[in-house]
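**Q** Below you'll find the structure I mean.
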Amino acid sequence: MIFTETKLKGALIIDFEPQQDRRGFFARTFCSKEFAAYGLRPNIAQCNLSYNYKKGTLRGMHYQTAPATEIKLVRCIRGAVYDVIIDMRPESPTYLEHIGVKLSAENRRALYVPEMFAHGYQTLTDGAEVIYQISEFYAPESEWGLRYNDPLLEIVWPLPVSEISQKDATWPLMESILIGV
């Protein structure tokens with residue numbers, strides 16, 4: 001696997017190294033030894049699959065706080081998504097900064113999302129499927145989210161939002177979180 005660091009410490013883009021012959025190719029998409037050797041936590045508590053009917057669907061921006069902080073390994077296995085993560089670690093020099101990465105069935109890329117990063121994506125195609133390997137079990141009491149269109153975050157989504165859940169559309173704005181409202 002090829003691990004590429006991003007401007008957000010601990011967040012990585014992961015590409016695989018295919019072994020190709022006349023039949024096609026074979027590649028490792030996850031190896032706990034390689035993850036550990038790179039200093040990453042390879043624990044997986046659950047795997048989730050998200051199917052999205054319409055292009056423009058937005059899911060996010062979600063994260064879990066202590067005691068259930070989670071790491072995610074996210075990959076799009078059908079279609080394409082624009083995946084965004086936001087550094088929510090107050091002590092980090094990149095606190096509240098974000099990156100966006102295109103994940104697609106075609107580029108076969110994965111995004112390693114560290115603990116205390118908000119995560120979300122917008123579908124770029126109809127029928128996009130995303131698989132998540134997650135280090136912790138879902139804990140509703142630790143769940144938090146950010147508004148996808150928060151002016152403080154300045155995320156530029158590639159498409160108009162065609163579908164979003166009521167919950168994701170109404171997360172609080174950062175301004176209210178920062179002043180403790």
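So you can find residues: chains in the structure tokens are A, B, ... in the order shown, residues in each start at 1, and ligands are numbered from 1 in order.
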Can I get the residues of stretch 6-66 of chain A within 10 Å of stretch 85-94 of chain A, each with the closest pair of atoms and their distance in Å to one decimal, using only C-alpha atoms, sorted chain first then ascending number, as a Markdown table?

**A**
| residue | atom | partner | partner_atom | distance |
| --- | --- | --- | --- | --- |
| A:Lys7 | CA | A:Thr94 | CA | 8.1 |
| A:Leu8 | CA | A:Thr94 | CA | 6.3 |
| A:Lys9 | CA | A:Thr94 | CA | 7.9 |
| A:Gly10 | CA | A:Asp87 | CA | 9.8 |
| A:Ala11 | CA | A:Ile85 | CA | 8.6 |
| A:Gly60 | CA | A:Ile85 | CA | 9.5 |
| A:Met61 | CA | A:Ile85 | CA | 7.9 |
| A:His62 | CA | A:Ile85 | CA | 9.2 |
| A:Tyr63 | CA | A:Met88 | CA | 8.8 |
| A:Thr65 | CA | A:Met88 | CA | 9.8 |

**Q** Using only C-alpha atoms, which residues sit within 10 Å of stretch 36-42 of chain A once same-chain residues fewer than 5 positions away are excluded, as a ChimeraX atom specification?

**A** /A:3,10-12,30-31,71-73,112,114,133-135

**Q** For A:Trp171, which residue out of A:Gly79, A:Pro18, A:Arg59, A:Thr123 is the nearest one, using only C-alpha atoms?

**A** A:Arg59

**Q** Mind pulling up the distance from atom CA of A:Asn52 to atom CA of A:Ala128?

**A**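 Between atom CA of A:Ala128 and atom CA of A:Asn52 the gap is 5.3 Å.
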
**Q** Report as an NGL selection string all protein, DNA and RNA residues lying within 7 Å of A:Glu115, evaluated on only C-alpha atoms, omitting residues in the same chain fewer than 2 positions from it.

**A** :A and (69-71 or 113 or 117)

**Q** Compile the contact shell of A:Glu143 as a VMD selection string: residues with an atom at most 9 Å away, counting only C-alpha atoms, same-chain residues fewer than 2 positions apart removed.

**A** chain A and resid 62 to 65 68 138 to 141 145

**Q** Find the residues near A:Tyr121: any atom within 6 Å, counting only C-alpha atoms, skip ones fewer than 3 places away on the same chain, and give them as a PyMOL selection string.

**A** chain A and resi 58-59+82-84

**Q** Counting only C-alpha atoms, what is within 12 Å of A:Ala105, bar same-chain residues fewer than 2 positions away, as a list in words?

**A**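 These residues fall inside the cut-off: Val74, Arg75, Cys76, Ile77, Arg78, Gly79, Ala80, Val81, Lys102, Leu103, Asn107, Arg108, Arg109, Ala110, Leu124, Thr125, Gly127, Ala128, Glu129, Val130 and Ile131 of chain A.
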
**Q** Find the distance between atom CA of A:Leu173 and atom CA of A:Thr57 and write it in Å to one decimal.

**A**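 Between these atoms lies a distance of 20.2 Å.
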
**Q** Could you pull the residues within 12 Å of A:Leu153, counting only C-alpha atoms, minus those fewer than 2 positions along the same chain, as an MDAnalysis selection string?

**A** chainID A and resid 61 84:88 95:99 118 146:151 155:157 173:175

**Q** Kindly save the residues from that selection, with N, CA, C and O atoms included, as an mmCIF file, in the first residue's frame.

**A**
data_model
loop_
_atom_site.group_PDB
_atom_site.id
_atom_site.type_symbol
_atom_site.label_atom_id
_atom_site.label_comp_id
_atom_site.auth_asym_id
_atom_site.auth_seq_id
_atom_site.Cartn_x
_atom_site.Cartn_y
_atom_site.Cartn_z
ATOM 1 N N MET A 61 -21.623 16.336 8.431
ATOM 2 C CA MET A 61 -20.252 16.043 8.818
ATOM 3 C C MET A 61 -20.272 15.422 10.228
ATOM 4 O O MET A 61 -20.619 16.100 11.185
ATOM 5 N N VAL A 84 -14.823 14.755 2.482
ATOM 6 C CA VAL A 84 -14.252 15.884 3.221
ATOM 7 C C VAL A 84 -14.042 15.486 4.672
ATOM 8 O O VAL A 84 -14.914 14.849 5.281
ATOM 9 N N ILE A 85 -12.887 15.866 5.222
ATOM 10 C CA ILE A 85 -12.634 15.692 6.651
ATOM 11 C C ILE A 85 -12.181 17.022 7.239
ATOM 12 O O ILE A 85 -11.531 17.824 6.572
ATOM 13 N N ILE A 86 -12.569 17.237 8.509
ATOM 14 C CA ILE A 86 -12.248 18.474 9.223
ATOM 15 C C ILE A 86 -11.554 18.109 10.521
ATOM 16 O O ILE A 86 -12.061 17.283 11.298
ATOM 17 N N ASP A 87 -10.430 18.729 10.785
ATOM 18 C CA ASP A 87 -9.682 18.506 12.022
ATOM 19 C C ASP A 87 -10.419 19.171 13.183
ATOM 20 O O ASP A 87 -10.542 20.391 13.244
ATOM 21 N N MET A 88 -10.905 18.358 14.124
ATOM 22 C CA MET A 88 -11.656 18.860 15.276
ATOM 23 C C MET A 88 -10.838 18.790 16.569
ATOM 24 O O MET A 88 -11.382 18.920 17.656
ATOM 25 N N TYR A 95 -6.433 22.849 13.452
ATOM 26 C CA TYR A 95 -7.787 22.829 14.005
ATOM 27 C C TYR A 95 -8.743 23.596 13.089
ATOM 28 O O TYR A 95 -8.463 24.718 12.681
ATOM 29 N N LEU A 96 -9.853 22.959 12.737
ATOM 30 C CA LEU A 96 -10.925 23.459 11.877
ATOM 31 C C LEU A 96 -10.556 23.574 10.397
ATOM 32 O O LEU A 96 -11.354 24.040 9.598
ATOM 33 N N GLU A 97 -9.357 23.139 10.030
ATOM 34 C CA GLU A 97 -9.010 23.086 8.605
ATOM 35 C C GLU A 97 -9.562 21.784 8.021
ATOM 36 O O GLU A 97 -9.797 20.808 8.741
ATOM 37 N N HIS A 98 -9.753 21.784 6.714
ATOM 38 C CA HIS A 98 -10.296 20.596 6.068
ATOM 39 C C HIS A 98 -9.571 20.297 4.763
ATOM 40 O O HIS A 98 -8.866 21.156 4.221
ATOM 41 N N ILE A 99 -9.761 19.074 4.311
ATOM 42 C CA ILE A 99 -9.323 18.674 2.969
ATOM 43 C C ILE A 99 -10.481 17.941 2.307
ATOM 44 O O ILE A 99 -11.351 17.393 2.986
ATOM 45 N N ALA A 118 -14.133 15.368 11.832
ATOM 46 C CA ALA A 118 -15.477 15.273 11.271
ATOM 47 C C ALA A 118 -15.341 14.749 9.844
ATOM 48 O O ALA A 118 -14.385 15.093 9.135
ATOM 49 N N LEU A 146 -21.308 18.672 12.323
ATOM 50 C CA LEU A 146 -21.146 20.064 11.911
ATOM 51 C C LEU A 146 -22.024 20.306 10.699
ATOM 52 O O LEU A 146 -22.241 19.402 9.886
ATOM 53 N N ARG A 147 -22.460 21.505 10.534
ATOM 54 C CA ARG A 147 -23.286 21.861 9.380
ATOM 55 C C ARG A 147 -22.400 21.859 8.129
ATOM 56 O O ARG A 147 -21.343 22.488 8.090
ATOM 57 N N TYR A 148 -22.852 21.187 7.116
ATOM 58 C CA TYR A 148 -22.090 21.025 5.870
ATOM 59 C C TYR A 148 -21.805 22.359 5.178
ATOM 60 O O TYR A 148 -20.826 22.506 4.447
ATOM 61 N N ASN A 149 -22.664 23.349 5.412
ATOM 62 C CA ASN A 149 -22.513 24.653 4.742
ATOM 63 C C ASN A 149 -22.164 25.764 5.727
ATOM 64 O O ASN A 149 -22.444 26.926 5.466
ATOM 65 N N ASP A 150 -21.513 25.411 6.816
ATOM 66 C CA ASP A 150 -21.125 26.383 7.827
ATOM 67 C C ASP A 150 -20.177 27.407 7.203
ATOM 68 O O ASP A 150 -19.130 27.040 6.663
ATOM 69 N N PRO A 151 -20.519 28.701 7.271
ATOM 70 C CA PRO A 151 -19.659 29.707 6.646
ATOM 71 C C PRO A 151 -18.258 29.774 7.252
ATOM 72 O O PRO A 151 -17.293 30.108 6.553
ATOM 73 N N ILE A 155 -16.304 25.153 3.277
ATOM 74 C CA ILE A 155 -16.192 23.964 2.426
ATOM 75 C C ILE A 155 -16.895 24.267 1.106
ATOM 76 O O ILE A 155 -18.031 24.722 1.092
ATOM 77 N N VAL A 156 -16.200 24.015 0.016
ATOM 78 C CA VAL A 156 -16.791 24.197 -1.313
ATOM 79 C C VAL A 156 -17.161 22.807 -1.844
ATOM 80 O O VAL A 156 -16.288 22.003 -2.170
ATOM 81 N N TRP A 157 -18.453 22.523 -1.878
ATOM 82 C CA TRP A 157 -18.933 21.249 -2.385
ATOM 83 C C TRP A 157 -19.044 21.340 -3.903
ATOM 84 O O TRP A 157 -19.391 22.381 -4.441
ATOM 85 N N LEU A 173 -24.074 25.508 13.988
ATOM 86 C CA LEU A 173 -22.974 26.225 13.332
ATOM 87 C C LEU A 173 -21.781 26.303 14.286
ATOM 88 O O LEU A 173 -21.950 26.351 15.509
ATOM 89 N N MET A 174 -20.579 26.342 13.739
ATOM 90 C CA MET A 174 -19.351 26.411 14.544
ATOM 91 C C MET A 174 -19.348 27.617 15.464
ATOM 92 O O MET A 174 -18.866 27.537 16.587
ATOM 93 N N GLU A 175 -19.881 28.720 15.015
ATOM 94 C CA GLU A 175 -19.898 29.921 15.834
ATOM 95 C C GLU A 175 -20.572 29.645 17.178
ATOM 96 O O GLU A 175 -20.072 30.040 18.228
#

**Q** My list of candidates is A:Ala66, A:Leu111, A:Leu159, A:Ile2. Which is closest to A:Tyr132 when distances are computed with only C-alpha atoms?

**A**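 Checking each candidate against A:Tyr132, we get A:Leu111 as the closest.
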
**Q** Give the helix (DSSP H, G or I) residues of stretch 54-172 of chain A, as assigned by DSSP on the backbone, as a list in words.

**A** Pro140, Glu141, Ser142, Gln166, Lys167, Asp168 and Ala169 of chain A
